[in-house]
Amino acid sequence: MVDSIGARRYSAACPNCGAPVSFASAASASAVCSFCRSTLLREGDALRKIGTVAALFDDHSALQLGASGTRQGIAFTLVGRLQYGYGDGTWNEWHALFDNTRSAWLSEDNGAYVLAFDAPLPADLAGIGDRLATLKPGSRLSADNRAWDVASVQAAHLISAEGELPSPPRLQGSFTVVDLRNADGEVATLDGSDPAHPAWSVGRQVRLADLSMQGLREGSEKTLSARSLSCPNCGTALPVTLSTTQTIVCPQCASVVDVSAASASARPGSDVGADLTFYRQHNAGAAGAEPQIALGSTGQLTLDDAPGAEPLRWQVVGYQERRDIPDDADDETSYWREYLLWHDSAGFAFLVDTNEGWSWVRPITGAPRVRGDQADWQGVTYKRRWDYAATVTWVQGEFYWRVKQDERARVADYEGTGANGPARLSREQTAQEVTWSAGRTLDAAVVADAFGIAPSSRAALQRDVALVSFSGSGARVAWVVFALVAVMVVLLSQCSDGGCDNVRNSFGAASNEYRQCAAQRGSGGGVRSGGGAYGGWSSGGGGHK
């Protein structure tokens, strides 16, 4: 039947429970009954039940059915949702129905959004369904006569669905999802839920503010503490504050706890702490490597190089110390620190602190064009400075990815000069995905002002080594040779009469910098400048769009 809204809307009774089920588009082939969660297939004027989906778990998304917006002057409404899970988390695909009857997907993953449109599978991808799972992150693929980088290859499964959908969802089993990026900032997805006919979609990253969204959920960023999570090691309550959190560090015993299973299965009032997996941190001393900017602090920073970008108030939700893994066992190890920042509409960013100074980076959509040691992105040419393996040595707070003990990433850091000064670009690759991040340098005074650091503590934020650019594969070695004089003057002087007191005051008694200084003071050896670390660790974050 046709209701009073117009000829586009179709309504019928659910064959399972009799509740009304409406379709806003004549092209929609499937829907989920909001009362009994039956998955329904539309066949002419009749509905047929083809299965039942599980209940949605509350991920506190700001989006909801009925929310509306505009894109390029055309209005759209969110009429359906698919909720997917994979090894490192979950993501949402919202079915957006435009007033011109065109459908799109608004993908939501860890505070980032991509608007994509389905398209016919390109001719040069014929037969790709049989080899989706064999594709490797970091490889290249030709599709639609264009070059794409494979960003991630994940085994996904449907958790739940709601509302109106353009095609019936796959209800059981897992399937391969491949995300591709290109130098034009586009994102493409190969969905292998039907291997014989893989789905192809292409889109771009968007911001909710640019879509003029209306009807968003109020208070979507709630605390999850009502789930009564407790540390599986010591029993301390774990105050999870972000809906996207996959890992949290116990404030009492410093255990790194995977809470992703709790997100999918817990019910309010239940204590699932004993069932959570975790690992103990032992490497940074009894007190750990304490952050110089306290967890929970907020600071107003402009972490966007777009023209007219306004400063936003960012909150520190996570902190990690990282180190490189030298290719040569005789090389020294460098350490640096990263603060995970969160904003309720802008998502996540990283504030990076190395011996060379402060910088910020944010994960980007797309893949810079790389030729040898040169990378081009958004009109800026970057030169590769470092290429190294890295791992995480100490974490505090909470993270939107699953922090895995001893997991390694291959990192390439690039330098360039943008309109707003020295620019930074970083590529990180794990077994599951490739992530690019971009940003620029920050003065220590800007960081101190933003987070209200007391005058007596500001000297500890200063970093003494000047920035110098190199190109070519020998950049890492060249930097060590060039910097030795400056670093020896700065750090070895701190390690002499002061007994490394300045290093301890800057980084803490449990920091690797202080321990390295003390060791060098005892042996009389040299000290190397910190290397790399322009990129934020974002494994599992945004890999699907």
# chains A, B, ... in the order shown; residues from 1 in each chain; ligands from 1
>>> select_by_dssp(residues="segment 51-274 of chain A", states="alpha helix (DSSP H)", output="list in words")
Ser260, Ala261, Ala262, Ser263, Ala264 and Ser265 of chain A
>>> atom_distance(atom1="atom CA of Ala454 of chain A", atom2="atom CA of Ser297 of chain A")
13.1 Å
>>> residues_around(residues="Gly203 of chain A", least_positions_apart="6", cutoff="6 Å", atoms="only C-alpha atoms", output="number ranges by chain")
A: 115-116, 186-187
>>> write_last_selection(atoms="N, CA, C and O atoms", output="PDB file, in the first residue's frame")
ATOM      1  N   LEU A 115      31.369   9.106   3.246  1.00  0.00           N
ATOM      2  CA  LEU A 115      30.124   8.977   2.489  1.00  0.00           C
ATOM      3  C   LEU A 115      30.473   8.355   1.148  1.00  0.00           C
ATOM      4  O   LEU A 115      31.266   8.908   0.379  1.00  0.00           O
ATOM      5  N   ALA A 116      29.894   7.179   0.875  1.00  0.00           N
ATOM      6  CA  ALA A 116      30.244   6.424  -0.326  1.00  0.00           C
ATOM      7  C   ALA A 116      28.992   5.994  -1.062  1.00  0.00           C
ATOM      8  O   ALA A 116      27.927   5.793  -0.457  1.00  0.00           O
ATOM      9  N   GLU A 186      40.276   9.478  -2.265  1.00  0.00           N
ATOM     10  CA  GLU A 186      39.084   8.636  -2.333  1.00  0.00           C
ATOM     11  C   GLU A 186      39.274   7.343  -1.544  1.00  0.00           C
ATOM     12  O   GLU A 186      40.396   6.860  -1.358  1.00  0.00           O
ATOM     13  N   VAL A 187      38.153   6.787  -1.117  1.00  0.00           N
ATOM     14  CA  VAL A 187      38.121   5.513  -0.415  1.00  0.00           C
ATOM     15  C   VAL A 187      37.194   4.577  -1.181  1.00  0.00           C
ATOM     16  O   VAL A 187      36.070   4.947  -1.508  1.00  0.00           O
TER      17      VAL A 187
END
>>> select_by_dssp(residues="segment 112-329 of chain A", states="strand (DSSP E or B)", output="PyMOL selection string")
chain A and resi 112-119+140-143+146-165+174-181+186-191+199-206+214+230+237+247-249+256-258+277-279+298-301+312-325
>>> closest_residue(among="A:Asp387, A:Asp304, A:Glu290, A:Asp191", to="Trp360 of chain A", atoms="only C-alpha atoms")
A:Asp304
>>> closest_residue(among="A:Gly366, A:Gly44, A:Pro326, A:Gly357", to="Asn182 of chain A", atoms="only C-alpha atoms")
A:Gly366
>>> atom_distance(atom1="atom CA of Gly185 of chain A", atom2="atom CA of Ala62 of chain A")
24.7 Å
>>> closest_residue(among="A:Gln396, A:Thr101, A:Gln429, A:Asn355", to="Ala409 of chain A", atoms="only C-alpha atoms")
A:Gln429
>>> residues_around(residues="Val206 of chain A", least_positions_apart="4", cutoff="10 Å", atoms="only C-alpha atoms", output="compact mmCIF listing (two decimals) with N, CA, C and O atoms, in the first residue's frame")
# COMPACT_ATOMS: atom_id res chain seq x y z
N ARG A 71 24.04 17.07 1.31
CA ARG A 71 25.33 16.90 0.66
C ARG A 71 25.23 17.50 -0.73
O ARG A 71 24.38 17.08 -1.52
N LEU A 106 26.83 6.04 4.76
CA LEU A 106 27.59 6.90 5.65
C LEU A 106 28.27 5.97 6.66
O LEU A 106 27.64 5.46 7.58
N SER A 107 29.56 5.74 6.45
CA SER A 107 30.31 4.81 7.29
C SER A 107 30.88 5.54 8.49
O SER A 107 31.39 6.66 8.36
N ALA A 112 35.44 8.92 12.74
CA ALA A 112 35.66 9.35 11.36
C ALA A 112 34.49 8.86 10.50
O ALA A 112 33.87 7.84 10.78
N TYR A 113 34.20 9.61 9.43
CA TYR A 113 33.04 9.31 8.59
C TYR A 113 33.43 9.38 7.12
O TYR A 113 34.23 10.22 6.71
N VAL A 114 32.85 8.47 6.33
CA VAL A 114 33.03 8.45 4.88
C VAL A 114 31.66 8.29 4.25
O VAL A 114 30.86 7.44 4.68
N LEU A 115 31.37 9.11 3.25
CA LEU A 115 30.12 8.98 2.49
C LEU A 115 30.47 8.35 1.15
O LEU A 115 31.27 8.91 0.38
N ALA A 116 29.89 7.18 0.88
CA ALA A 116 30.24 6.42 -0.33
C ALA A 116 28.99 5.99 -1.06
O ALA A 116 27.93 5.79 -0.46
N ASP A 210 29.92 19.37 8.20
CA ASP A 210 29.79 19.75 6.80
C ASP A 210 28.50 19.20 6.18
O ASP A 210 28.07 19.68 5.12
N LEU A 211 27.91 18.19 6.81
CA LEU A 211 26.67 17.60 6.30
C LEU A 211 25.44 18.27 6.90
O LEU A 211 24.31 17.89 6.56
N THR A 365 42.33 10.11 5.25
CA THR A 365 41.70 9.23 4.27
C THR A 365 42.39 9.46 2.93
O THR A 365 42.68 10.58 2.57
